[in-house]
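J.: Just one file: data.cif, with mmCIF, C-alpha atoms.
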data_entry
#
loop_
_atom_site.label_atom_id
_atom_site.label_comp_id
_atom_site.auth_asym_id
_atom_site.auth_seq_id
_atom_site.Cartn_x
_atom_site.Cartn_y
_atom_site.Cartn_z
CA MET A 784 -3.87 -12.75 32.57
CA PRO A 785 -4.12 -9.86 30.08
CA PRO A 786 -3.50 -12.04 27.00
CA LEU A 787 -6.28 -14.37 28.18
CA ARG A 788 -8.56 -11.38 28.73
CA ARG A 789 -7.93 -10.24 25.18
CA LEU A 790 -8.78 -13.69 23.85
CA LEU A 791 -12.01 -13.69 25.86
CA GLU A 792 -13.05 -10.55 23.97
CA VAL A 793 -12.94 -12.45 20.67
CA PRO A 794 -16.51 -13.85 20.87
CA LEU A 795 -17.90 -10.32 21.26
CA LEU A 796 -15.89 -9.15 18.27
CA LEU A 797 -17.11 -12.10 16.22
CA LEU A 798 -20.71 -11.35 17.16
CA GLY A 799 -20.23 -7.70 16.19
CA ALA A 800 -18.68 -8.66 12.87
CA ALA A 801 -21.50 -11.07 12.06
CA THR A 802 -24.10 -8.45 12.95
CA VAL A 803 -22.47 -5.79 10.78
CA VAL A 804 -22.16 -8.20 7.84
CA PHE A 805 -25.81 -9.19 8.02
CA PHE A 806 -27.29 -5.71 8.29
CA LEU A 807 -24.98 -4.11 5.73
CA ILE A 808 -26.05 -6.65 3.12
CA HIS A 809 -29.73 -6.32 3.98
CA LEU A 810 -29.70 -2.53 4.11
CA ILE A 811 -28.49 -2.21 0.50
CA PRO A 812 -31.22 -0.36 -1.44
CA GLY A 813 -33.40 -2.44 -3.73
CA ASP A 814 -34.91 -5.89 -3.65
CA PRO A 815 -32.21 -8.61 -3.71
CA ALA A 816 -34.60 -11.13 -5.23
CA ALA A 817 -35.55 -8.78 -8.08
CA ALA A 818 -31.89 -7.93 -8.63
CA MET A 819 -30.95 -11.61 -8.86
CA LEU A 820 -33.69 -12.46 -11.37
CA GLY A 821 -33.33 -9.33 -13.48
CA GLU A 822 -35.72 -6.60 -14.58
CA GLY A 823 -37.87 -8.86 -16.75
CA ALA A 824 -38.68 -11.37 -14.00
CA ALA A 825 -42.32 -12.13 -13.28
CA PRO A 826 -43.66 -10.92 -9.92
CA ALA A 827 -44.53 -14.50 -8.98
CA ASP A 828 -40.95 -15.60 -9.55
CA VAL A 829 -39.64 -12.71 -7.47
CA ALA A 830 -42.06 -13.56 -4.66
CA GLY A 831 -41.04 -17.22 -4.81
CA LEU A 832 -37.36 -16.37 -4.57
CA ARG A 833 -37.99 -13.98 -1.70
CA LYS A 834 -39.73 -16.81 0.14
CA ASP A 835 -36.92 -19.27 -0.62
CA LEU A 836 -34.36 -16.78 0.75
CA GLY A 837 -36.49 -15.96 3.76
CA LEU A 838 -36.70 -12.31 2.73
CA ASP A 839 -40.43 -12.22 3.31
CA ARG A 840 -39.86 -12.61 7.06
CA PRO A 841 -39.24 -9.73 9.51
CA LEU A 842 -35.64 -8.51 9.47
CA LEU A 843 -35.03 -9.42 13.10
CA GLY A 844 -36.28 -12.95 12.49
CA GLN A 845 -33.99 -13.27 9.47
CA TYR A 846 -31.05 -12.09 11.60
CA VAL A 847 -31.69 -14.58 14.41
CA SER A 848 -32.13 -17.44 11.94
CA TRP A 849 -28.98 -16.53 9.99
CA LEU A 850 -26.90 -16.03 13.13
CA SER A 851 -27.97 -19.34 14.64
CA GLY A 852 -27.08 -21.03 11.36
CA ALA A 853 -23.71 -19.27 11.25
CA VAL A 854 -22.89 -20.56 14.74
CA ARG A 855 -23.50 -24.09 13.46
CA GLY A 856 -21.46 -23.43 10.33
CA ASP A 857 -24.53 -23.25 8.10
CA LEU A 858 -24.52 -20.04 6.03
CA GLY A 859 -27.20 -21.14 3.62
CA SER A 860 -26.84 -22.13 -0.02
CA SER A 861 -25.56 -20.33 -3.07
CA ILE A 862 -28.32 -19.02 -5.33
CA LEU A 863 -26.52 -20.05 -8.52
CA THR A 864 -24.73 -23.29 -7.69
CA LYS A 865 -27.19 -24.50 -5.02
CA ARG A 866 -24.17 -25.71 -3.03
CA LYS A 867 -23.69 -24.86 0.63
CA VAL A 868 -21.96 -21.51 1.11
CA THR A 869 -19.61 -23.06 3.67
CA ARG A 870 -18.52 -25.68 1.15
CA GLU A 871 -17.95 -23.04 -1.54
CA ILE A 872 -15.75 -21.01 0.80
CA LEU A 873 -13.79 -24.00 2.11
CA ALA A 874 -13.06 -25.03 -1.47
CA ALA A 875 -11.45 -21.62 -2.09
CA VAL A 876 -9.52 -21.37 1.21
CA PRO A 877 -6.52 -23.56 0.17
CA ALA A 878 -5.74 -21.29 -2.79
CA THR A 879 -5.87 -18.16 -0.62
CA ALA A 880 -3.77 -19.80 2.11
CA GLU A 881 -1.17 -20.95 -0.44
CA LEU A 882 -0.91 -17.45 -1.90
CA ALA A 883 -0.75 -15.77 1.51
CA PHE A 884 1.95 -18.09 2.89
CA ALA A 885 4.07 -17.77 -0.25
CA ALA A 886 3.81 -13.97 -0.21
CA PHE A 887 4.53 -13.80 3.52
CA LEU A 888 7.60 -16.03 3.28
CA GLY A 889 8.91 -14.10 0.29
CA ALA A 890 8.38 -10.79 2.06
CA LEU A 891 10.27 -11.98 5.15
CA LEU A 892 13.18 -13.28 3.08
CA VAL A 893 13.54 -9.83 1.54
CA ALA A 894 12.54 -7.57 4.43
CA VAL A 895 14.73 -8.93 7.24
CA PRO A 896 18.13 -8.72 5.50
CA THR A 897 17.36 -5.40 3.81
CA GLY A 898 16.03 -3.91 7.06
CA VAL A 899 19.11 -5.04 8.99
CA ALA A 900 21.43 -3.76 6.25
CA SER A 901 19.65 -0.41 6.22
CA ALA A 902 19.91 -0.07 10.00
CA LEU A 903 23.61 -0.95 10.00
CA ALA A 904 24.26 1.57 7.20
CA ARG A 905 22.38 4.50 8.74
CA GLY A 906 23.24 7.76 7.05
CA LYS A 907 25.12 6.05 4.21
CA PRO A 908 24.15 5.82 0.52
CA LEU A 909 23.02 2.18 0.93
CA ASP A 910 20.57 3.23 3.62
CA GLY A 911 19.16 5.98 1.44
CA PHE A 912 18.76 3.64 -1.52
CA LEU A 913 17.03 0.92 0.49
CA ARG A 914 14.70 3.42 2.14
CA ALA A 915 13.77 4.86 -1.25
CA VAL A 916 13.00 1.39 -2.62
CA SER A 917 10.91 0.54 0.43
CA LEU A 918 9.01 3.82 0.11
CA LEU A 919 8.26 2.96 -3.51
CA GLY A 920 7.02 -0.46 -2.45
CA VAL A 921 4.74 0.91 0.25
CA SER A 922 3.34 3.52 -2.15
CA THR A 923 2.59 1.16 -5.03
CA PRO A 924 -0.85 -0.52 -4.81
CA ASN A 925 -1.42 -4.08 -5.95
CA TYR A 926 -3.55 -3.03 -8.91
CA VAL A 927 -0.48 -1.23 -10.27
CA SER A 928 2.33 -3.63 -9.41
CA GLY A 929 0.35 -6.71 -10.52
CA PRO A 930 -0.27 -5.62 -14.13
CA LEU A 931 3.29 -4.31 -14.36
CA LEU A 932 4.65 -7.73 -13.40
CA VAL A 933 2.36 -9.35 -15.97
CA LEU A 934 3.56 -6.96 -18.69
CA VAL A 935 7.22 -7.67 -17.93
CA PHE A 936 7.38 -11.37 -17.04
CA SER A 937 4.36 -12.79 -18.88
CA ILE A 938 3.78 -10.68 -21.98
CA GLY A 939 7.27 -9.23 -22.43
CA LEU A 940 9.54 -12.13 -21.46
CA GLY A 941 7.05 -14.99 -21.69
CA LEU A 942 8.46 -16.64 -18.58
CA LEU A 943 5.38 -16.99 -16.40
CA PRO A 944 1.65 -17.60 -16.96
CA VAL A 945 -0.66 -14.62 -16.94
CA SER A 946 -3.36 -16.09 -14.72
CA GLY A 947 -4.73 -19.21 -13.11
CA ARG A 948 -3.28 -21.62 -10.58
CA ASP A 949 -2.42 -24.68 -12.66
CA GLY A 950 0.50 -23.56 -14.82
CA ARG A 951 4.15 -23.94 -13.85
CA GLY A 952 5.23 -20.91 -11.86
CA ALA A 953 1.65 -19.64 -11.63
CA LEU A 954 2.14 -18.80 -7.96
CA LEU A 955 5.15 -16.51 -8.51
CA LEU A 956 3.51 -13.40 -9.95
CA PRO A 957 0.54 -13.10 -7.56
CA ALA A 958 2.79 -13.91 -4.58
CA ALA A 959 5.34 -11.34 -5.72
CA THR A 960 2.57 -8.75 -6.12
CA LEU A 961 1.45 -9.25 -2.52
CA ALA A 962 4.99 -9.60 -1.18
CA PHE A 963 6.28 -6.39 -2.77
CA ALA A 964 4.35 -3.97 -0.56
CA LEU A 965 4.61 -6.20 2.51
CA ALA A 966 8.38 -6.56 2.18
CA ALA A 967 8.73 -2.80 1.90
CA LEU A 968 6.65 -2.21 5.02
CA LEU A 969 8.42 -4.87 7.09
CA SER A 970 11.83 -3.67 5.93
CA ARG A 971 11.09 -0.18 7.20
CA MET A 972 9.80 -1.65 10.45
CA VAL A 973 12.92 -3.80 10.94
CA ARG A 974 15.15 -0.83 10.26
CA ALA A 975 13.30 1.48 12.65
CA CYS A 976 13.15 -1.01 15.53
CA LEU A 977 16.73 -2.19 15.14
CA ALA A 978 18.09 1.36 14.79
CA GLU A 979 16.27 2.38 17.97
CA GLU A 980 17.71 -0.55 19.93
CA MET A 981 21.22 0.01 18.55
CA ASP A 982 21.36 3.34 20.41
CA ARG A 983 20.58 1.72 23.76
CA PRO A 984 23.33 1.67 26.42
CA TYR A 985 23.31 -2.12 26.69
CA VAL A 986 24.63 -2.43 23.13
CA ALA A 987 27.56 -0.14 23.90
CA ALA A 988 28.17 -2.08 27.12
CA ALA A 989 28.27 -5.37 25.19
CA ILE A 990 30.79 -3.92 22.74
CA ALA A 991 32.85 -2.58 25.65
CA ARG A 992 32.97 -6.10 27.12
CA GLY A 993 34.74 -7.27 23.98
CA GLU A 994 31.91 -8.47 21.72
CA ARG A 995 32.23 -7.66 18.08
CA PRO A 996 29.90 -4.78 17.12
CA LEU A 997 27.91 -6.76 14.56
CA ARG A 998 27.45 -9.69 16.95
CA ALA A 999 26.42 -7.36 19.80
CA ILE A 1000 23.87 -5.60 17.60
CA LEU A 1001 22.30 -8.74 16.17
CA ARG A 1002 22.35 -10.68 19.44
CA HIS A 1003 21.14 -8.03 21.85
CA ALA A 1004 19.47 -5.28 19.84
CA GLY A 1005 17.96 -7.75 17.39
CA ARG A 1006 16.34 -9.74 20.18
CA ASN A 1007 14.62 -6.67 21.63
CA ALA A 1008 13.63 -5.34 18.21
CA LEU A 1009 11.91 -8.61 17.32
CA PRO A 1010 8.56 -8.36 19.23
CA PRO A 1011 7.21 -5.20 17.54
CA VAL A 1012 8.27 -6.57 14.16
CA LEU A 1013 6.43 -9.82 14.93
CA VAL A 1014 3.29 -7.86 15.80
CA VAL A 1015 3.32 -5.94 12.52
CA ALA A 1016 4.20 -9.07 10.54
CA GLY A 1017 1.35 -11.00 12.15
CA LEU A 1018 -1.17 -8.26 11.47
CA GLN A 1019 -0.01 -8.02 7.89
CA PHE A 1020 -0.30 -11.78 7.51
CA GLY A 1021 -3.93 -11.45 8.55
CA SER A 1022 -4.31 -8.82 5.85
CA LEU A 1023 -2.78 -11.18 3.30
CA LEU A 1024 -5.23 -13.92 4.21
CA THR A 1025 -8.23 -11.63 4.00
CA GLY A 1026 -7.27 -8.78 1.71
CA ALA A 1027 -5.99 -10.45 -1.45
CA VAL A 1028 -9.18 -9.60 -3.32
CA VAL A 1029 -7.54 -7.36 -5.92
CA THR A 1030 -4.57 -9.65 -6.52
CA GLU A 1031 -6.70 -12.77 -6.84
CA THR A 1032 -8.95 -10.96 -9.31
CA ILE A 1033 -6.04 -9.69 -11.42
CA PHE A 1034 -4.47 -13.15 -11.72
CA SER A 1035 -7.73 -15.17 -11.73
CA TRP A 1036 -6.49 -16.94 -8.63
CA PRO A 1037 -9.31 -19.18 -7.35
CA GLY A 1038 -9.29 -17.98 -3.74
CA VAL A 1039 -11.80 -16.44 -1.37
CA GLY A 1040 -11.15 -12.91 -2.65
CA ARG A 1041 -12.00 -13.82 -6.24
CA LEU A 1042 -14.99 -15.82 -5.04
CA LEU A 1043 -16.26 -12.71 -3.26
CA VAL A 1044 -15.91 -10.56 -6.38
CA GLN A 1045 -17.68 -13.17 -8.50
CA SER A 1046 -20.52 -13.52 -6.01
CA ILE A 1047 -21.00 -9.74 -6.00
CA GLN A 1048 -21.08 -9.63 -9.79
CA ARG A 1049 -23.61 -12.47 -9.88
CA ARG A 1050 -25.64 -10.95 -7.03
CA ASP A 1051 -25.35 -14.17 -5.06
CA TYR A 1052 -26.16 -12.56 -1.72
CA PRO A 1053 -25.84 -15.62 0.55
CA LEU A 1054 -22.36 -16.26 -0.85
CA VAL A 1055 -21.44 -12.57 -0.48
CA GLN A 1056 -22.46 -12.71 3.18
CA GLY A 1057 -20.49 -15.88 3.74
CA CYS A 1058 -17.32 -14.56 2.11
CA VAL A 1059 -17.40 -11.26 3.98
CA LEU A 1060 -18.07 -13.05 7.27
CA PHE A 1061 -15.19 -15.45 6.64
CA ILE A 1062 -12.84 -12.56 5.92
CA ALA A 1063 -13.92 -10.68 9.05
CA VAL A 1064 -13.65 -13.75 11.30
CA THR A 1065 -10.22 -14.68 9.95
CA PHE A 1066 -8.90 -11.17 10.47
CA ILE A 1067 -10.23 -11.01 14.04
CA LEU A 1068 -8.77 -14.40 14.99
CA VAL A 1069 -5.36 -13.63 13.49
CA ASN A 1070 -5.23 -10.22 15.20
CA ALA A 1071 -6.23 -11.69 18.55
CA SER A 1072 -3.59 -14.41 18.26
CA VAL A 1073 -0.89 -11.89 17.37
CA ASP A 1074 -1.97 -9.61 20.22
CA ALA A 1075 -1.73 -12.47 22.72
CA LEU A 1076 1.63 -13.58 21.32
CA ALA A 1077 3.06 -10.06 21.51
CA ALA A 1078 1.94 -9.68 25.12
CA ALA A 1079 3.51 -13.02 25.98
CA LEU A 1080 6.84 -12.25 24.29
CA ASP A 1081 7.35 -8.62 25.25
CA PRO A 1082 7.15 -7.52 28.92
CA ARG A 1083 6.66 -3.94 27.74
CA ALA A 1084 3.56 -5.03 25.81
CA ARG A 1085 2.21 -6.73 28.94
CA ALA A 1086 2.79 -3.55 30.90
CA ARG A 1087 0.89 -1.51 28.32
CA VAL A 1088 -2.00 -3.97 28.40
CA GLN A 1089 -2.12 -3.83 32.21
CA GLY A 1090 -2.07 -0.05 32.06
CA ASP A 1091 -5.03 -0.04 29.68
CA ALA A 1092 -7.04 -2.41 31.88
#
Spell out the structure here as structure tokens.

T.:
Amino acid sequence: MPPLRRLLEVPLLLLGAATVVFFLIHLIPGDPAAAMLGEGAAPADVAGLRKDLGLDRPLLGQYVSWLSGAVRGDLGSSILTKRKVTREILAAVPATAELAFAAFLGALLVAVPTGVASALARGKPLDGFLRAVSLLGVSTPNYVSGPLLVLVFSIGLGLLPVSGRDGRGALLLPAATLAFALAALLSRMVRACLAEEMDRPYVAAAIARGERPLRAILRHAGRNALPPVLVVAGLQFGSLLTGAVVTETIFSWPGVGRLLVQSIQRRDYPLVQGCVLFIAVTFILVNASVDALAAALDPRARARVQGDA
């Protein structure tokens, strides 16, 4: 089955991602051990750290050792905290998952009704207004919308905390920052797919049989417009899980994205490798799952996959 064949490709993608992560980190100019200890470090200390990290071994040997450890779930230990990298990442995953799910749910609650309303009002002022708002949302990056929300709701109105995860309502601003662009994108997708299906002959035939226009559109056109929207939504959810680095940094949200930024600033290379690998693996698994789901739901997607094979 094509969906099964796509899932069987996942191990190769994971191997490729792990290989790229390892060599990109190790091909960065300079000595990681010297960078970690600083310019004033004694040569003996640098040599000792290089030995502890295994950097004195041939690059291929380091790769094989790291990859075999990664397969077992052992990504080494953090240079600063001495804790296992896997444990550090797993401790940050719940915060990232909470933020991603909240942003995704909020985006869907906004995108679906606005996309449907825009499709039903094609060519009318409401459609133009909603499309303009969605264009603004798609065009506004998180590092702009996040501080703006902080200025308005935290500093200006004093309603929500500026940063952190513990305060009441702390989730709202970072989730809204992520949801803003996603809702705009999904709204445009819902409108485009639904508008395309509304022009199909089967919708006119359903109305001719006596169904009310709105019911015919939502029941028939909406069902066929759903699969491509699900694909885009699933891919974007993968991006939320793995790409919230900027948002987590702005709001000091203790997730994987902020952990990655902190490990880069502290030159904690094992933790940097682990975070990047986690992000890559998560994105690959989510994309593969969405791809298989789309092929299972939409016969047209299955036909495209068979044509590519």

J.: Of the candidates A:Gly856, A:Ala830, A:Ile1000, A:Gln1048, which shows the shortest atom-to-atom distance to Leu873 (chain A), using all atoms listed in the file?

T.: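 Between A:Gly856, A:Ala830, A:Ile1000, A:Gln1048, the residue approaching Leu873 (chain A) most closely is A:Gly856.
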
J.: Find the residues with any atom within 10 Å of (-7.3, -24.2, -4.8); use all atoms listed in the file and the coordinates as given in the file, and write the answer as a VMD selection string.

T.: chain A and resid 873 to 882 948 to 949 1036 to 1039

J.: Those residues with C-alpha atoms, as a compact mmCIF listing (two decimals), keeping the file's coordinate frame please?

T.:
# COMPACT_ATOMS: atom_id res chain seq x y z
CA LEU A 873 -13.79 -24.00 2.11
CA ALA A 874 -13.06 -25.03 -1.47
CA ALA A 875 -11.45 -21.62 -2.09
CA VAL A 876 -9.52 -21.37 1.21
CA PRO A 877 -6.52 -23.56 0.17
CA ALA A 878 -5.74 -21.29 -2.79
CA THR A 879 -5.87 -18.16 -0.62
CA ALA A 880 -3.77 -19.80 2.11
CA GLU A 881 -1.17 -20.95 -0.44
CA LEU A 882 -0.91 -17.45 -1.90
CA ARG A 948 -3.28 -21.62 -10.58
CA ASP A 949 -2.42 -24.68 -12.66
CA TRP A 1036 -6.49 -16.94 -8.63
CA PRO A 1037 -9.31 -19.18 -7.35
CA GLY A 1038 -9.29 -17.98 -3.74
CA VAL A 1039 -11.80 -16.44 -1.37

J.: For the contact check between region 976-1037 of chain A and region 920-929 of chain A, emit one row per residue of region 976-1037 of chain A within 12 Å, containing the shortest atom pair and the distance in Å rounded to one decimal, counting only C-alpha atoms, chain then rising number order, as JSON lines.

T.:
{"residue": "A:Leu1023", "atom": "CA", "partner": "A:Asn925", "partner_atom": "CA", "distance": 11.7}
{"residue": "A:Gly1026", "atom": "CA", "partner": "A:Asn925", "partner_atom": "CA", "distance": 10.7}
{"residue": "A:Ala1027", "atom": "CA", "partner": "A:Asn925", "partner_atom": "CA", "distance": 9.0}
{"residue": "A:Val1028", "atom": "CA", "partner": "A:Asn925", "partner_atom": "CA", "distance": 9.9}
{"residue": "A:Val1029", "atom": "CA", "partner": "A:Tyr926", "partner_atom": "CA", "distance": 6.6}
{"residue": "A:Thr1030", "atom": "CA", "partner": "A:Asn925", "partner_atom": "CA", "distance": 6.4}
{"residue": "A:Glu1031", "atom": "CA", "partner": "A:Gly929", "partner_atom": "CA", "distance": 10.0}
{"residue": "A:Thr1032", "atom": "CA", "partner": "A:Tyr926", "partner_atom": "CA", "distance": 9.6}
{"residue": "A:Ile1033", "atom": "CA", "partner": "A:Gly929", "partner_atom": "CA", "distance": 7.1}
{"residue": "A:Phe1034", "atom": "CA", "partner": "A:Gly929", "partner_atom": "CA", "distance": 8.1}
{"residue": "A:Ser1035", "atom": "CA", "partner": "A:Gly929", "partner_atom": "CA", "distance": 11.8}

J.: What's the separation between CA of Leu863 (chain A) and CA of Gln1045 (chain A), in Å to one decimal place?

T.: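 If I compute the distance from CA of Leu863 (chain A) to CA of Gln1045 (chain A), I get 11.2 Å.
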
J.: Nearest residue to Asp835 (chain A) out of A:Gly859, A:Gly950, A:Pro984, A:Gly852, using all atoms listed in the file?

T.: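 The closest residue to Asp835 (chain A) is A:Gly859.
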
J.: How many Å lie between CA of Thr869 (chain A) and CA of Arg855 (chain A), rounded to one decimal?

T.: 10.6 Å

J.: Between A:Thr1065, A:Ser946, A:Ser970, A:Ser917, which has the minimum distance to Val895 (chain A) (counting all atoms listed in the file)?

T.: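 Looking at the shortest contact to Val895 (chain A), the residue is A:Ser970.
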
J.: Give the answer as one residue: which of A:Pro1053, A:Pro957, A:Ala825, A:Ala890 has the shortest atom-to-atom distance to Arg866 (chain A), using only C-alpha atoms?

T.: A:Pro1053

J.: Since I can't run it myself right now, could you work out what the PyMOL selection byres ((chain A and resi 986) around 12) selects here and report it as JSON, numbers by chain?

T.: {"A": [977, 978, 979, 980, 981, 982, 983, 984, 985, 987, 988, 989, 990, 991, 992, 993, 994, 995, 996, 997, 998, 999, 1000, 1001, 1002, 1003, 1004, 1005, 1006, 1007]}

J.: Mind giving me the straight-line distance from CA of Ala1063 (chain A) to CA of Thr864 (chain A) in Å, one decimal?

T.: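 Separation of CA of Ala1063 (chain A) and CA of Thr864 (chain A): 23.6 Å.
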